[in-house]
Structures are given as C-alpha cells and as structure tokens.
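S.K.: My structure is below; once you've seen it, I'll send some questions.
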Amino acid sequence: MARWLRPLVGALLLLEGAAALSFLHHRYEELVQALFRVQSQCPYVTRIYSIGRSVEGRHLYVLEFSDYPGIHEPLEPEFKYVGNMHGNEVLGRELLLQLSEFLCEEYRRGNERITRLIHDTRIHIMPSMNPDGYEVAAKQGPDSNGYLTGRNNANGVDLNRNFPDLNTLMYYSREISGPNHHIPLPDNWKSQVEPETLAVIQWISSYNFVLSANLHGGAVVANYPYDKSQDQQFKSHRRTVNTPTPDDKLFQKLAKTYSYAHSWMHRGWNCGDYFADGITNGASWYSLSKGMQDFNYLYTNCFEITLELSCNKFPPEEDLERQWMANREALVAFIEEVHQGIKGMVSDENNNGIAGAVISVQGISHDITSGDMGDYFRLLLPGTYTVTASAEGYQPLTVTTTVGPAAPSLVHFQLKQEVVRKPAERKASGTRMNNKALQKKVVPRATRRGTQR
C-alpha cells in the first residue's frame with residue numbers, strides 16, 4: 001500500500017500552482033535558449049556550464065540547480081540526469097527541459113517540496129548528450145523518422161556502446177577475488193572513445209555523483225545494472241541471463257521508485273513487452289557491452305539506471321504534454337532517492353577531511369570512496385550494517401549503524417594515523433588492482449550491438 005501511496009501524495013504536492021509550459025520539440029538553438037531562459041528566471045539557484053563539445057562543435061550544456069550553484073557543499077549529494085544519448089530518442093530531452101522549467105517555477109512559487117530538494121541536493125541536468133544526432137533525426141521529423149536515423153553521433157558511433165569495457169575486467173577480477181569497484185581505465189582509453197563520451201567521462205570524474213539516470217526511448221521500463229552478462233557465448237538476439245550487481249536489491253528499489261511513480265510503467269505491459277513491476281535487469285533483457293550505466297557503477301561512486309520512456313522514439317508534439325504528466329512525479333521522486341542510506345565525513349585527528357577514503361559495507365562487495373572534502377555518500381536500503389572506513393596511512397575504523405526508511409543516517413569517521421612498521425612487516429593493501437597486469441589477463445570478446453538502450 002505504501003508503494004502506491006507515496007507517488008500519490010507526492011503528485012498532490014506538485015499539483016498546486018503547477019506552471020503552464022510549452023510542449024514543443026527544441027532544436028539545438030532553441031534548447032540553448034530554453035536553458036538560459038530558466039537560468040535568467042532563477043539566477044540564484046541555477047548555473048549553466050558546458051562539459052565539452054560534440055563532433056560538430058555543439059556544446060554539451062548542463063543546467064545545475066543548487067542553493068549555492070557552482071559549489072559542492074559537504075554532505076550535500078550530487079545528482080544527474082542525462083538525456084538524448086541516442087539522437088533520435090527525443091522524449092528524455094524534452095522532459096528534462098520541462099523538468100528544468102518546472103523546478104525553477106515551483107521554487108519561485110515557494111513549493112516546499114521543491115525548495116527543500118534544491119536546498120539539499122546539487123542537481124545536474126544534461127538534456128542532450130548527442131546534439132548532432134538529434135539534428136539529423138529532427139530534420140526527418142516525428143512522422144517520417146527512421147528507427148535508426150540520428151541514433152549515433154556525427155561519426156556514426158553509438159555512444160551507449162562507446163565507454164571502456166570495465167565489465168570484462170570486473171568479471172575476471174571477481175574470479176581472482178579482486179575488486180569490482182573503481183576499476184582502472186585502460187591506458188589507451190582516450191583514443192577509443194568519441195568526443196561526447198570523453199566529455200562525459202571527464203565530467204563524472206570531476207564530480208562525486210551519487211545517483212543518476214539516463215533517459216532513452218523505444219520501450220517503457222526502468223532498467224538497472226548489470227547491462228552486460230558474463231557469458232558472451234550466447235548468440236540469440238534476446239538474452240535472458242540475469243546479471244545482478246552486489247547492490248541488486250537497492251537497484252530494484254530505485255527502479256521501482258521511478259516505475260511506480262510513473263503513470264503506467266509499473267503496469268508491465270508496454271510496447272508489446274512485459275516487464276514485472278515495469279523494471280528489468282539489463283542483461284536479463286539483453287546483454288549490452290560498453291554502456292554508460294555499468295561504467296558509472298564500476299568506475300565511480302555513482303549508481304545509475306536507464307529509463308526507457310516511450311514506445312515511440314520521436315513522439316509528436318501533441319503527445320508531449322501527456323508524457324510530461326506521466327513522468328513529472330517520477331522525475332522528482334527519483335531525485336529524492338539520493339537521500340537514503342548513510343553519509344558522513346572521513347577526517348583525521350585534526351578534523352581535516354580525507355579524500356579517497358574507502359567505505360566498505362560488510363556483505364556488499366562494492367565499495368565507494370570519499371570526495372575531495374572527505375564527505376561520502378553510500379546508498380543503502382533500510383537495515384543494520386557494519387561499515388568500515390579505511391585510508392592509506394591510517395588505521396581503519398569499523399562501526400555498526402542502522403539505516404531507516406527516510407533520511408540518511410549520519411555516520412562520521414575520524415581515523416588515527418597508522419603506526420609505522422618496518423618494511424618487512426608491511427602487508428600489501430588497497431582496493432585498486434594493477435591495471436596493466438589485469439589488462440594482460442583479459443581479452444575482451446566481441447559483443448552484439450543492442451537495439452534499444
């Protein structure tokens with residue numbers, strides 16, 4: 001009952017004073033104008049920045065919402081939405097523009113829920129990761145647009161098959177009891193990715209993102225990691241090999257949060273497919289290699305899911321308002337999911353923050369690390385956990401804490417300096433594997449290109 005009640009209550013909170021928005025498809029120049037219009041209307045809680053340029057030189061703009069734009073506040077989590085990764089899957093692009101206008105307008109109206117969200121969260125919204133592909137698709141329009149027209153970037157590359165393949169490294173690492181988190185990148189990775197992919201990797205390396213979603217089209221389902229199955233011997237078009245992460249139950253909860261807050265995703269039957277609760281493990285749907293979702297989980301602290309939002313990749317303008325109303329509560333409710341689990345500061349005995357400290361949760365073989373200021377954020381389901389903080393040169397510290405269903409539990413760690421021992425007494429430690437040694441052991445296998453994500 002509570003699962004149904006929360007979206008209803010949240011939706012009612014958003015209804016009062018909802019702004020009338022324009023529901024149009026936005027070409028690149030119009031998208032830029034829309035972003036800067038929002039920034040001019042809410043100058044004290046927004047900032048626009050570019051993370052780089054596309055192949056054809058278009059900026060990859062991000063609109064940030066925060067009570068201190070441009071500044072990371074300790075213990076305030078970073079959240080991101082990324083849309084239009086495939087240029088012809090356009091609904092996410094338009095929804096993120098609508099969300100940006102909505103957050104600004106409701107903040108100006110004094111909406112308590114939205115005000116609290118902006119004050120307690122640093123929200124980053126990238127409406128389009130593939131503006132070049134979108135322009136190709138937009139020239140065809142929604143009526144005659146081909147299924148693949150504009151999907152790839154200007155170099156003809158599918159950006160959701162273009163990230164370094166860390167899954168293969170992780171699967172081998174697991175066989176030798178190595179880590180499956182913060183997997184190092186191949187030495188030549190920059191030469192293997194497109195400008196848009198490079199920009200995103202550098203972006204997510206610069207911000208300590210905690211939670212994320214990327215928005216697609218062609219189906220209606222909330223998809224969660226892993227996208228790539230370990231066994232690459234399958235030759236069928238659709239693979240049904242469930243490949244869970246160590247945080248599988250948490251990912252299912254995150255996906256259901258969106259699905260049940262959405263008007264019809266949770267019903268399961270959409271676009272000729274059936275997904276129980278409107279969610280799916282990525283590899284259980286079909287195996288996808290070099291995707292952005294798995295890359296976030298394996299390389300950074302960020303937990304990302306993929307949202308398939310419409311059967312029609314390029315819906316007509318007359319359908320945009322209905323789609324916005326179906327997704328509005330879900331978009332807001334998913335951002336709120338960043339506020340769960342535990343968070344705190346990792347510091348030394350002089351209260352100086354320790355960056356890069358490793359936070360380990362007993363029973364979950366996936367660690368996260370503290371940010372530049374020493375603050376950390378570990379998403380967890382309600383329950384009691386044994387948590388350890390460790391850092392090079394310091395004695396590890398272990399505590400037991402209970403996580404509730406509402407706000408995150410505050411758990412600080414103050415680490416004492418490690419007693420210096422003789423070299424012969426020291427034991428090797430750490431969470432990162434030797435990249436070159438791991439690369440030599442693994443030979444990536446050919447993978448099939450998917451049709452949706």
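Starting from 1 in every chain, residues are counted up; chains themselves are A, B, ... following the order of the structure tokens, and ligands are numbered from 1 as listed.
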For Asn84 (chain A), find every residue with an atom within 12 Å (counting only C-alpha atoms), except residues of its own chain fewer than 2 positions away, and show them as a JSON list (two decimals) with N, CA and C atoms, in the first residue's frame.
M.R.:
```json
[["chain", "number", "residue", "atom", "x", "y", "z"],
["A", 26, "HIS", "N", 12.51, 20.95, -29.41],
["A", 26, "HIS", "CA", 13.50, 22.03, -29.40],
["A", 26, "HIS", "C", 14.75, 21.63, -30.19],
["A", 28, "TYR", "N", 18.64, 22.57, -31.52],
["A", 28, "TYR", "CA", 19.77, 22.92, -30.64],
["A", 28, "TYR", "C", 19.71, 24.36, -30.16],
["A", 60, "LEU", "N", 27.89, 20.66, -25.00],
["A", 60, "LEU", "CA", 27.13, 19.72, -24.18],
["A", 60, "LEU", "C", 26.82, 20.45, -22.88],
["A", 81, "TYR", "N", 20.89, 13.90, -14.32],
["A", 81, "TYR", "CA", 20.06, 13.32, -15.37],
["A", 81, "TYR", "C", 20.75, 13.58, -16.70],
["A", 82, "VAL", "N", 20.77, 12.57, -17.57],
["A", 82, "VAL", "CA", 21.35, 12.71, -18.91],
["A", 82, "VAL", "C", 20.31, 12.24, -19.93],
["A", 86, "HIS", "N", 21.02, 8.80, -27.42],
["A", 86, "HIS", "CA", 20.73, 8.42, -28.80],
["A", 86, "HIS", "C", 19.95, 9.56, -29.42],
["A", 87, "GLY", "N", 20.47, 10.14, -30.48],
["A", 87, "GLY", "CA", 19.92, 11.38, -31.01],
["A", 87, "GLY", "C", 18.47, 11.32, -31.42],
["A", 88, "ASN", "N", 17.99, 10.14, -31.81],
["A", 88, "ASN", "CA", 16.60, 10.02, -32.27],
["A", 88, "ASN", "C", 15.64, 9.60, -31.17],
["A", 89, "GLU", "N", 16.15, 9.46, -29.94],
["A", 89, "GLU", "CA", 15.29, 9.17, -28.79],
["A", 89, "GLU", "C", 15.12, 10.46, -28.01],
["A", 90, "VAL", "N", 14.05, 11.18, -28.33],
["A", 90, "VAL", "CA", 13.99, 12.60, -28.00],
["A", 90, "VAL", "C", 13.12, 12.94, -26.80],
["A", 91, "LEU", "N", 12.31, 12.01, -26.32],
["A", 91, "LEU", "CA", 11.40, 12.36, -25.23],
["A", 91, "LEU", "C", 12.17, 12.79, -23.99],
["A", 92, "GLY", "N", 13.24, 12.09, -23.65],
["A", 92, "GLY", "CA", 14.03, 12.46, -22.48],
["A", 92, "GLY", "C", 14.55, 13.88, -22.56],
["A", 93, "ARG", "N", 14.96, 14.28, -23.75],
["A", 93, "ARG", "CA", 15.45, 15.64, -23.97],
["A", 93, "ARG", "C", 14.37, 16.66, -23.60],
["A", 94, "GLU", "N", 13.16, 16.43, -24.10],
["A", 94, "GLU", "CA", 12.07, 17.37, -23.84],
["A", 94, "GLU", "C", 11.61, 17.32, -22.39],
["A", 95, "LEU", "N", 11.60, 16.12, -21.79],
["A", 95, "LEU", "CA", 11.21, 16.01, -20.39],
["A", 95, "LEU", "C", 12.17, 16.74, -19.48],
["A", 96, "LEU", "N", 13.45, 16.69, -19.79],
["A", 96, "LEU", "CA", 14.44, 17.37, -18.94],
["A", 96, "LEU", "C", 14.35, 18.89, -19.07],
["A", 97, "LEU", "N", 13.98, 19.37, -20.25],
["A", 97, "LEU", "CA", 13.72, 20.80, -20.39],
["A", 97, "LEU", "C", 12.48, 21.18, -19.59],
["A", 125, "ILE", "N", 21.46, 18.67, -14.79],
["A", 125, "ILE", "CA", 20.57, 18.22, -15.85],
["A", 125, "ILE", "C", 21.21, 18.48, -17.21],
["A", 126, "MET", "N", 21.51, 17.39, -17.95],
["A", 126, "MET", "CA", 22.03, 17.50, -19.31],
["A", 126, "MET", "C", 20.94, 17.01, -20.27],
["A", 127, "PRO", "N", 20.24, 17.92, -20.93],
["A", 127, "PRO", "CA", 19.15, 17.50, -21.81],
["A", 127, "PRO", "C", 19.60, 16.69, -23.01],
["A", 128, "SER", "N", 20.81, 16.97, -23.52],
["A", 128, "SER", "CA", 21.25, 16.27, -24.72],
["A", 128, "SER", "C", 22.74, 15.95, -24.66],
["A", 129, "MET", "N", 23.05, 14.64, -24.72],
["A", 129, "MET", "CA", 24.43, 14.19, -24.83],
["A", 129, "MET", "C", 24.84, 14.04, -26.28],
["A", 130, "ASN", "N", 23.85, 14.01, -27.17],
["A", 130, "ASN", "CA", 24.12, 13.79, -28.59],
["A", 130, "ASN", "C", 23.37, 14.80, -29.44],
["A", 131, "PRO", "N", 23.74, 16.09, -29.35],
["A", 131, "PRO", "CA", 23.02, 17.11, -30.11],
["A", 131, "PRO", "C", 23.18, 16.97, -31.62],
["A", 132, "ASP", "N", 24.30, 16.41, -32.08],
["A", 132, "ASP", "CA", 24.49, 16.23, -33.53],
["A", 132, "ASP", "C", 23.51, 15.20, -34.08],
["A", 133, "GLY", "N", 23.37, 14.08, -33.38],
["A", 133, "GLY", "CA", 22.44, 13.06, -33.81],
["A", 133, "GLY", "C", 21.01, 13.55, -33.80],
["A", 134, "TYR", "N", 20.69, 14.38, -32.80],
["A", 134, "TYR", "CA", 19.33, 14.91, -32.71],
["A", 134, "TYR", "C", 18.99, 15.75, -33.95],
["A", 135, "GLU", "N", 19.93, 16.57, -34.39],
["A", 135, "GLU", "CA", 19.66, 17.42, -35.54],
["A", 135, "GLU", "C", 19.37, 16.59, -36.79],
["A", 137, "ALA", "N", 18.00, 13.55, -36.76],
["A", 137, "ALA", "CA", 16.67, 12.98, -36.55],
["A", 137, "ALA", "C", 15.59, 14.04, -36.72],
["A", 150, "GLY", "N", 19.68, 9.19, -36.96],
["A", 150, "GLY", "CA", 20.13, 10.11, -35.92],
["A", 150, "GLY", "C", 20.50, 9.44, -34.61],
["A", 151, "ARG", "N", 20.42, 8.12, -34.55],
["A", 151, "ARG", "CA", 20.74, 7.42, -33.30],
["A", 151, "ARG", "C", 22.19, 7.68, -32.87],
["A", 152, "ASN", "N", 23.12, 7.56, -33.81],
["A", 152, "ASN", "CA", 24.54, 7.68, -33.50],
["A", 152, "ASN", "C", 25.01, 9.13, -33.54],
["A", 153, "ASN", "N", 26.25, 9.35, -33.15],
["A", 153, "ASN", "CA", 26.81, 10.71, -33.22],
["A", 153, "ASN", "C", 27.25, 11.00, -34.65],
["A", 158, "ASP", "N", 27.57, 4.64, -31.88],
["A", 158, "ASP", "CA", 26.56, 4.54, -30.83],
["A", 158, "ASP", "C", 27.23, 4.87, -29.49],
["A", 159, "LEU", "N", 26.85, 5.98, -28.90],
["A", 159, "LEU", "CA", 27.52, 6.44, -27.68],
["A", 159, "LEU", "C", 27.29, 5.51, -26.50],
["A", 160, "ASN", "N", 26.22, 4.73, -26.53],
["A", 160, "ASN", "CA", 25.96, 3.79, -25.44],
["A", 160, "ASN", "C", 26.62, 2.44, -25.68],
["A", 196, "GLU", "N", 32.04, 13.11, -27.29],
["A", 196, "GLU", "CA", 30.94, 13.20, -26.32],
["A", 196, "GLU", "C", 31.18, 12.25, -25.14],
["A", 213, "ALA", "N", 20.35, 8.93, -13.68],
["A", 213, "ALA", "CA", 19.55, 8.18, -14.65],
["A", 213, "ALA", "C", 19.81, 8.76, -16.02],
["A", 214, "ASN", "N", 19.87, 7.87, -17.02],
["A", 214, "ASN", "CA", 19.93, 8.34, -18.40],
["A", 214, "ASN", "C", 18.65, 7.93, -19.10],
["A", 215, "LEU", "N", 18.13, 8.84, -19.93],
["A", 215, "LEU", "CA", 16.79, 8.73, -20.47],
["A", 215, "LEU", "C", 16.82, 8.33, -21.95],
["A", 216, "HIS", "N", 16.07, 7.26, -22.28],
["A", 216, "HIS", "CA", 16.04, 6.71, -23.63],
["A", 216, "HIS", "C", 14.60, 6.55, -24.10],
["A", 217, "GLY", "N", 14.42, 5.95, -25.28],
["A", 217, "GLY", "CA", 13.11, 5.68, -25.83],
["A", 217, "GLY", "C", 13.14, 4.41, -26.65],
["A", 306, "THR", "N", 18.87, 3.15, -16.29],
["A", 306, "THR", "CA", 18.47, 3.60, -17.62],
["A", 306, "THR", "C", 16.96, 3.59, -17.71],
["A", 307, "LEU", "N", 16.38, 4.71, -18.11],
["A", 307, "LEU", "CA", 14.93, 4.85, -18.19],
["A", 307, "LEU", "C", 14.48, 4.86, -19.64],
["A", 308, "GLU", "N", 13.76, 3.81, -20.04],
["A", 308, "GLU", "CA", 13.12, 3.77, -21.36],
["A", 308, "GLU", "C", 11.72, 4.33, -21.18],
["A", 309, "LEU", "N", 11.40, 5.41, -21.91],
["A", 309, "LEU", "CA", 10.23, 6.20, -21.54],
["A", 309, "LEU", "C", 9.10, 6.24, -22.56],
["A", 313, "LYS", "N", 10.08, 6.52, -30.41],
["A", 313, "LYS", "CA", 11.34, 7.22, -30.12],
["A", 313, "LYS", "C", 11.23, 8.74, -30.32],
["A", 314, "PHE", "N", 10.42, 9.15, -31.31],
["A", 314, "PHE", "CA", 10.27, 10.59, -31.61],
["A", 314, "PHE", "C", 8.78, 10.91, -31.60],
["A", 453, "ARG", "N", 18.78, 0.32, -25.78],
["A", 453, "ARG", "CA", 19.46, 1.19, -24.84],
["A", 453, "ARG", "C", 20.70, 1.82, -25.44]]
```
S.K.: Give me the residues near Asn223 (chain A) as a PyMOL selection string, where near means some atom within 12 Å (using only C-alpha atoms) and where sequence neighbours in that chain fewer than 3 positions away do not count.
M.R.: chain A and resi 213-217+219-220+226-227+242+244+248+251-259+265+275-288+293-294+304-309+452-453
S.K.: List every residue of region 303-364 of chain A that has an atom at most 10 Å from any atom of region 392-400 of chain A, giving for each one its closest atom pair and the distance in Å to one decimal, counting only C-alpha atoms, sorted by chain and then by ascending residue number, as a tab-separated table.
M.R.:
```
residue	atom	partner	partner_atom	distance
A:Asp348	CA	A:Tyr394	CA	8.3
A:Ile354	CA	A:Glu392	CA	9.8
A:Gly356	CA	A:Glu392	CA	9.1
A:Ala357	CA	A:Glu392	CA	7.8
A:Val358	CA	A:Glu392	CA	9.3
A:Ile359	CA	A:Thr398	CA	9.7
A:Ser360	CA	A:Thr398	CA	9.2
A:Val361	CA	A:Thr398	CA	9.5
A:Gln362	CA	A:Thr400	CA	9.9
```
S.K.: Give the answer as one residue: which of A:Leu169, A:Leu198, A:Val403, A:Ala355 has the shortest atom-to-atom distance to Met292 (chain A), using only C-alpha atoms?
M.R.: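 Going through A:Leu169, A:Leu198, A:Val403, A:Ala355 one by one, the smallest distance to Met292 (chain A) is for A:Leu198.
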S.K.: From the set A:Phe303, A:Asp372, A:Val411, A:Gly353, which residue has the shortest atom-to-atom contact distance to Val387 (chain A), counting only C-alpha atoms?
M.R.: A:Val411
S.K.: When DSSP is applied to the backbone of this structure, which of region 144-246 of chain A are assigned alpha helix (DSSP H)? Write them out as a ChimeraX atom specification.
M.R.: /A:144,166-175,195-206
